[in-house]
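Have a look at entry.txt; it's compact mmCIF, C-alpha atoms:
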# COMPACT_ATOMS: atom_id res chain seq x y z
CA MET A 1 128.88 55.95 113.64
CA GLY A 2 129.09 58.98 115.94
CA THR A 3 128.29 59.18 119.61
CA ALA A 4 124.99 60.49 120.91
CA LEU A 5 124.87 64.18 121.73
CA ALA A 6 124.46 64.64 125.50
CA LEU A 7 121.43 66.51 126.81
CA ARG A 8 121.79 69.36 129.26
CA ARG A 9 121.61 68.34 132.92
CA ASP A 10 119.36 71.11 134.28
CA PHE A 11 116.08 69.39 133.26
CA THR A 12 114.39 66.11 134.06
CA ALA A 13 111.82 64.05 132.18
CA ASP A 14 109.06 65.19 134.54
CA GLU A 15 109.98 68.87 134.07
CA LEU A 16 109.86 68.49 130.29
CA LYS A 17 106.45 66.78 130.49
CA ARG A 18 105.19 69.61 132.72
CA LEU A 19 106.51 72.18 130.22
CA ALA A 20 104.84 70.25 127.39
CA ARG A 21 101.48 70.37 129.21
CA SER A 22 101.73 74.15 129.68
CA SER A 23 102.95 74.89 126.16
CA ARG A 24 100.58 76.52 123.66
CA ASP A 25 102.75 75.54 120.67
CA SER A 26 101.93 72.03 119.46
CA ASN A 27 105.30 71.59 117.75
CA GLN A 28 107.16 72.57 120.92
CA THR A 29 104.98 70.13 122.91
CA ARG A 30 105.83 67.27 120.54
CA ARG A 31 109.53 68.08 120.73
CA LEU A 32 109.52 68.36 124.53
CA LEU A 33 107.77 64.99 124.86
CA ALA A 34 110.27 63.37 122.50
CA LEU A 35 113.17 64.72 124.56
CA ALA A 36 111.42 63.61 127.77
CA VAL A 37 111.66 60.02 126.44
CA ILE A 38 115.45 60.41 126.29
CA TYR A 39 115.58 61.95 129.78
CA GLY A 40 113.46 59.02 131.02
CA GLY A 41 116.05 56.53 129.82
CA GLY A 42 114.59 55.72 126.40
CA SER A 43 116.61 55.44 123.24
CA ARG A 44 116.89 58.03 120.50
CA SER A 45 114.90 55.71 118.24
CA GLU A 46 112.03 55.66 120.76
CA ALA A 47 112.19 59.46 120.96
CA ALA A 48 112.07 59.63 117.16
CA GLU A 49 108.94 57.42 117.17
CA THR A 50 107.34 59.63 119.83
CA GLY A 51 108.08 62.76 117.80
CA ALA A 52 107.22 61.06 114.49
CA VAL A 53 110.55 62.13 112.98
CA SER A 54 113.94 60.65 112.12
CA ARG A 55 116.85 60.29 114.54
CA GLN A 56 118.68 63.11 112.71
CA ILE A 57 115.81 65.47 113.53
CA ILE A 58 116.03 64.38 117.18
CA ARG A 59 119.71 65.31 117.11
CA ASP A 60 118.81 68.75 115.71
CA TRP A 61 116.25 69.22 118.48
CA VAL A 62 118.83 68.21 121.10
CA GLU A 63 121.28 70.79 119.72
CA ARG A 64 118.63 73.54 119.81
CA PHE A 65 117.47 72.48 123.28
CA ASN A 66 121.03 72.45 124.64
CA ALA A 67 121.75 75.89 123.22
CA GLU A 68 118.49 77.71 124.02
CA GLY A 69 116.48 75.54 126.38
CA PRO A 70 112.75 74.91 125.82
CA ALA A 71 112.41 78.19 123.87
CA GLY A 72 114.77 76.74 121.25
CA LEU A 73 112.12 74.17 120.32
CA ILE A 74 109.61 76.77 119.11
CA ASN A 75 109.40 77.27 115.34
CA ARG A 76 111.07 80.46 114.21
CA LYS A 77 110.68 82.43 111.06
CA ALA A 78 113.47 81.72 108.60
CA PRO A 79 115.88 84.67 108.44
CA GLY A 80 115.94 84.81 104.64
CA ASN A 81 118.81 86.14 102.57
CA PRO A 82 120.91 88.90 104.09
CA SER A 83 120.56 92.35 102.59
CA LYS A 84 123.00 93.24 99.83
CA LEU A 85 123.25 96.85 101.03
CA ASP A 86 124.92 97.79 104.30
CA ASP A 87 123.87 100.69 106.55
CA ALA A 88 126.26 103.21 104.97
CA GLN A 89 125.01 102.36 101.48
CA ARG A 90 121.40 102.65 102.64
CA ALA A 91 122.12 106.07 104.14
CA GLU A 92 123.62 107.21 100.84
CA LEU A 93 120.59 105.83 98.98
CA VAL A 94 118.25 107.81 101.25
CA GLN A 95 120.28 110.98 100.61
CA ILE A 96 120.20 110.55 96.84
CA VAL A 97 116.44 109.87 96.82
CA GLU A 98 115.60 112.78 99.13
CA ARG A 99 117.86 115.16 97.19
CA GLY A 100 116.23 114.14 93.93
CA PRO A 101 117.96 113.61 90.62
CA MET A 102 119.97 116.27 88.88
CA PRO A 103 119.17 115.92 85.16
CA ALA A 104 122.60 117.10 84.07
CA VAL A 105 124.42 114.61 86.32
CA ASP A 106 122.01 111.69 86.70
CA GLY A 107 120.40 111.87 83.27
CA VAL A 108 116.85 111.55 84.65
CA VAL A 109 114.26 114.05 85.82
CA ARG A 110 112.68 111.76 88.43
CA TRP A 111 113.81 108.63 90.20
CA ARG A 112 112.27 105.38 89.03
CA LEU A 113 113.17 101.98 90.43
CA VAL A 114 115.12 101.11 87.29
CA ASP A 115 117.11 104.36 87.66
CA LEU A 116 117.92 103.65 91.30
CA VAL A 117 118.96 100.08 90.46
CA ALA A 118 121.34 101.50 87.82
CA TRP A 119 122.64 104.09 90.31
CA VAL A 120 123.36 101.38 92.93
CA TRP A 121 125.18 99.33 90.28
CA ALA A 122 127.25 102.32 89.11
CA THR A 123 128.03 103.50 92.64
CA PHE A 124 128.50 100.29 94.64
CA GLY A 125 128.79 97.57 92.00
CA ILE A 126 125.84 95.72 93.55
CA SER A 127 123.20 94.16 91.31
CA LEU A 128 119.64 94.50 92.64
CA SER A 129 116.30 93.74 91.03
CA GLU A 130 113.57 96.36 90.92
CA ALA A 131 111.53 94.32 93.41
CA THR A 132 114.46 94.26 95.85
CA MET A 133 114.97 98.00 95.40
CA SER A 134 111.28 98.55 96.11
CA ARG A 135 111.53 96.52 99.36
CA GLU A 136 114.67 98.40 100.40
CA LEU A 137 113.00 101.77 99.82
CA LYS A 138 109.90 100.68 101.71
CA ALA A 139 112.03 99.47 104.63
CA LEU A 140 113.74 102.87 104.67
CA GLY A 141 110.37 104.59 104.95
CA LEU A 142 110.42 106.01 101.44
CA ALA A 143 107.23 105.87 99.40
CA LYS A 144 106.30 106.74 95.85
CA VAL A 145 104.76 110.19 95.67
CA SER A 146 103.08 111.33 92.49
CA ALA A 147 100.76 114.15 91.54
CA ARG A 148 97.12 113.43 90.96
CA PRO A 149 96.53 113.01 87.24
CA ARG A 150 94.65 115.70 85.31
CA HIS A 151 92.90 115.39 82.01
CA TYR A 152 94.72 117.46 79.40
CA ALA A 153 91.49 119.18 78.31
CA GLN A 154 90.32 120.01 81.83
CA ASN A 155 88.70 123.46 81.99
CA GLU A 156 89.20 125.27 85.32
CA GLU A 157 86.51 127.87 84.59
CA ALA A 158 83.88 125.26 83.74
CA MET A 159 84.67 123.46 86.98
CA ALA A 160 84.30 126.67 88.99
CA VAL A 161 80.96 127.48 87.33
CA PHE A 162 79.70 123.96 87.97
CA LYS A 163 80.65 124.10 91.63
CA LYS A 164 78.95 127.46 92.16
CA THR A 165 75.67 126.56 90.47
CA SER A 166 75.34 122.98 91.55
CA PRO A 167 72.43 122.55 94.01
CA PRO A 168 73.00 120.88 97.38
CA GLN A 169 72.61 117.10 97.53
CA SER A 170 69.30 117.29 99.36
CA GLN A 171 67.73 119.36 96.55
CA ARG A 172 68.81 117.16 93.65
CA SER A 173 66.19 115.06 91.82
CA GLY A 174 63.43 115.43 94.38
CA THR A 175 65.36 113.93 97.28
CA ALA A 176 64.16 116.68 99.63
CA SER A 177 60.51 115.84 99.08
CA ARG A 178 61.09 112.20 99.98
CA LEU A 179 63.05 113.12 103.11
CA ALA A 180 60.56 115.69 104.40
CA PRO A 181 58.48 114.58 107.39
CA ARG A 182 54.80 113.90 106.70
Transcribe the structure of this file into structure tokens.
Amino acid sequence: MGTALALRRDFTADELKRLARSSRDSNQTRRLLALAVIYGGGSRSEAAETGAVSRQIIRDWVERFNAEGPAGLINRKAPGNPSKLDDAQRAELVQIVERGPMPAVDGVVRWRLVDLVAWVWATFGISLSEATMSRELKALGLAKVSARPRHYAQNEEAMAVFKKTSPPQSQRSGTASRLAPR
């Protein structure tokens, strides 16, 4: 069985209790109070009962507290998986997207996610999913731009005639008579 991990010497039990009272994070408060038990001369088992955790968790809290102080006892967002692309590869991806595809070279007339995934695989040998590619592009500030769709049978002249002869909103279907003061 290993030896207990020593706590840092720059805090006392009373200081940790004072920090726990002023903390707005309930998890940090619970952790500070559990460590205050140890500073007050209690055992690790008593601290684990106070924090409602196992002794291994107390050891983890002690490590975080020793390394970062009271701020180390605040929950942090998990870092997630590291990105598969480095900064140089991202810069090259931005260049290729902004330049646009060359049909003779790239074999496509517009970039789709599946095309960019294939390009990254062919260029860097890195396998990405379309969802990951979408997140990478969004993080780089690139967004999908597409033209507004048009009906194939749309008649420009009929639209122009309609716009010119259409009455104002207030004159349509007797609205003006209802809005007129009496």
>> Env of segment 95-107 of chain A: 9 Å cut, atoms = only C-alpha atoms, seq-sep filter 3 positions within chain, self excluded. Answer as a list of chain:residue names.
In response: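 Here the qualifying residues turn out to be A:Arg90, A:Ala91, A:Glu92, A:Arg110, A:Trp111, A:Asp115, A:Leu116, A:Trp119, A:Leu142.
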Go ahead and write the residues just picked, C-alpha atoms, as a tab-separated table (two decimals), in the frame of the given file.
chain	number	residue	atom	x	y	z
A	90	ARG	CA	121.40	102.65	102.64
A	91	ALA	CA	122.12	106.07	104.14
A	92	GLU	CA	123.62	107.21	100.84
A	110	ARG	CA	112.68	111.76	88.43
A	111	TRP	CA	113.81	108.63	90.20
A	115	ASP	CA	117.11	104.36	87.66
A	116	LEU	CA	117.92	103.65	91.30
A	119	TRP	CA	122.64	104.09	90.31
A	142	LEU	CA	110.42	106.01	101.44
> Which one of A:Lys163, A:Lys138, A:Arg24, A:Arg8 sits closest to Arg64 of chain A if you count only C-alpha atoms?
Replying inline: A:Arg8
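Across the model, the gap from atom CA of Asn66 of chain A to atom CA of Leu7 of chain A is 6.3 Å.
Shortest separation to Lys84 of chain A among A:Arg148, A:Arg135, A:Arg30, A:Lys17 occurs at residue A:Arg135, atoms counted being all atoms listed in the file.
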> So, counting all atoms listed in the file, which residue among A:Val37, A:Glu46, A:Phe11, A:Glu136 is closest to Val94 of chain A?
Replying inline: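 Of A:Val37, A:Glu46, A:Phe11, A:Glu136, the one nearest Val94 of chain A is A:Glu136, counting all atoms listed in the file.
The interatomic distance for the pair atom CA of Ser127 of chain A and atom CA of Asn81 of chain A works out to 14.5 Å.
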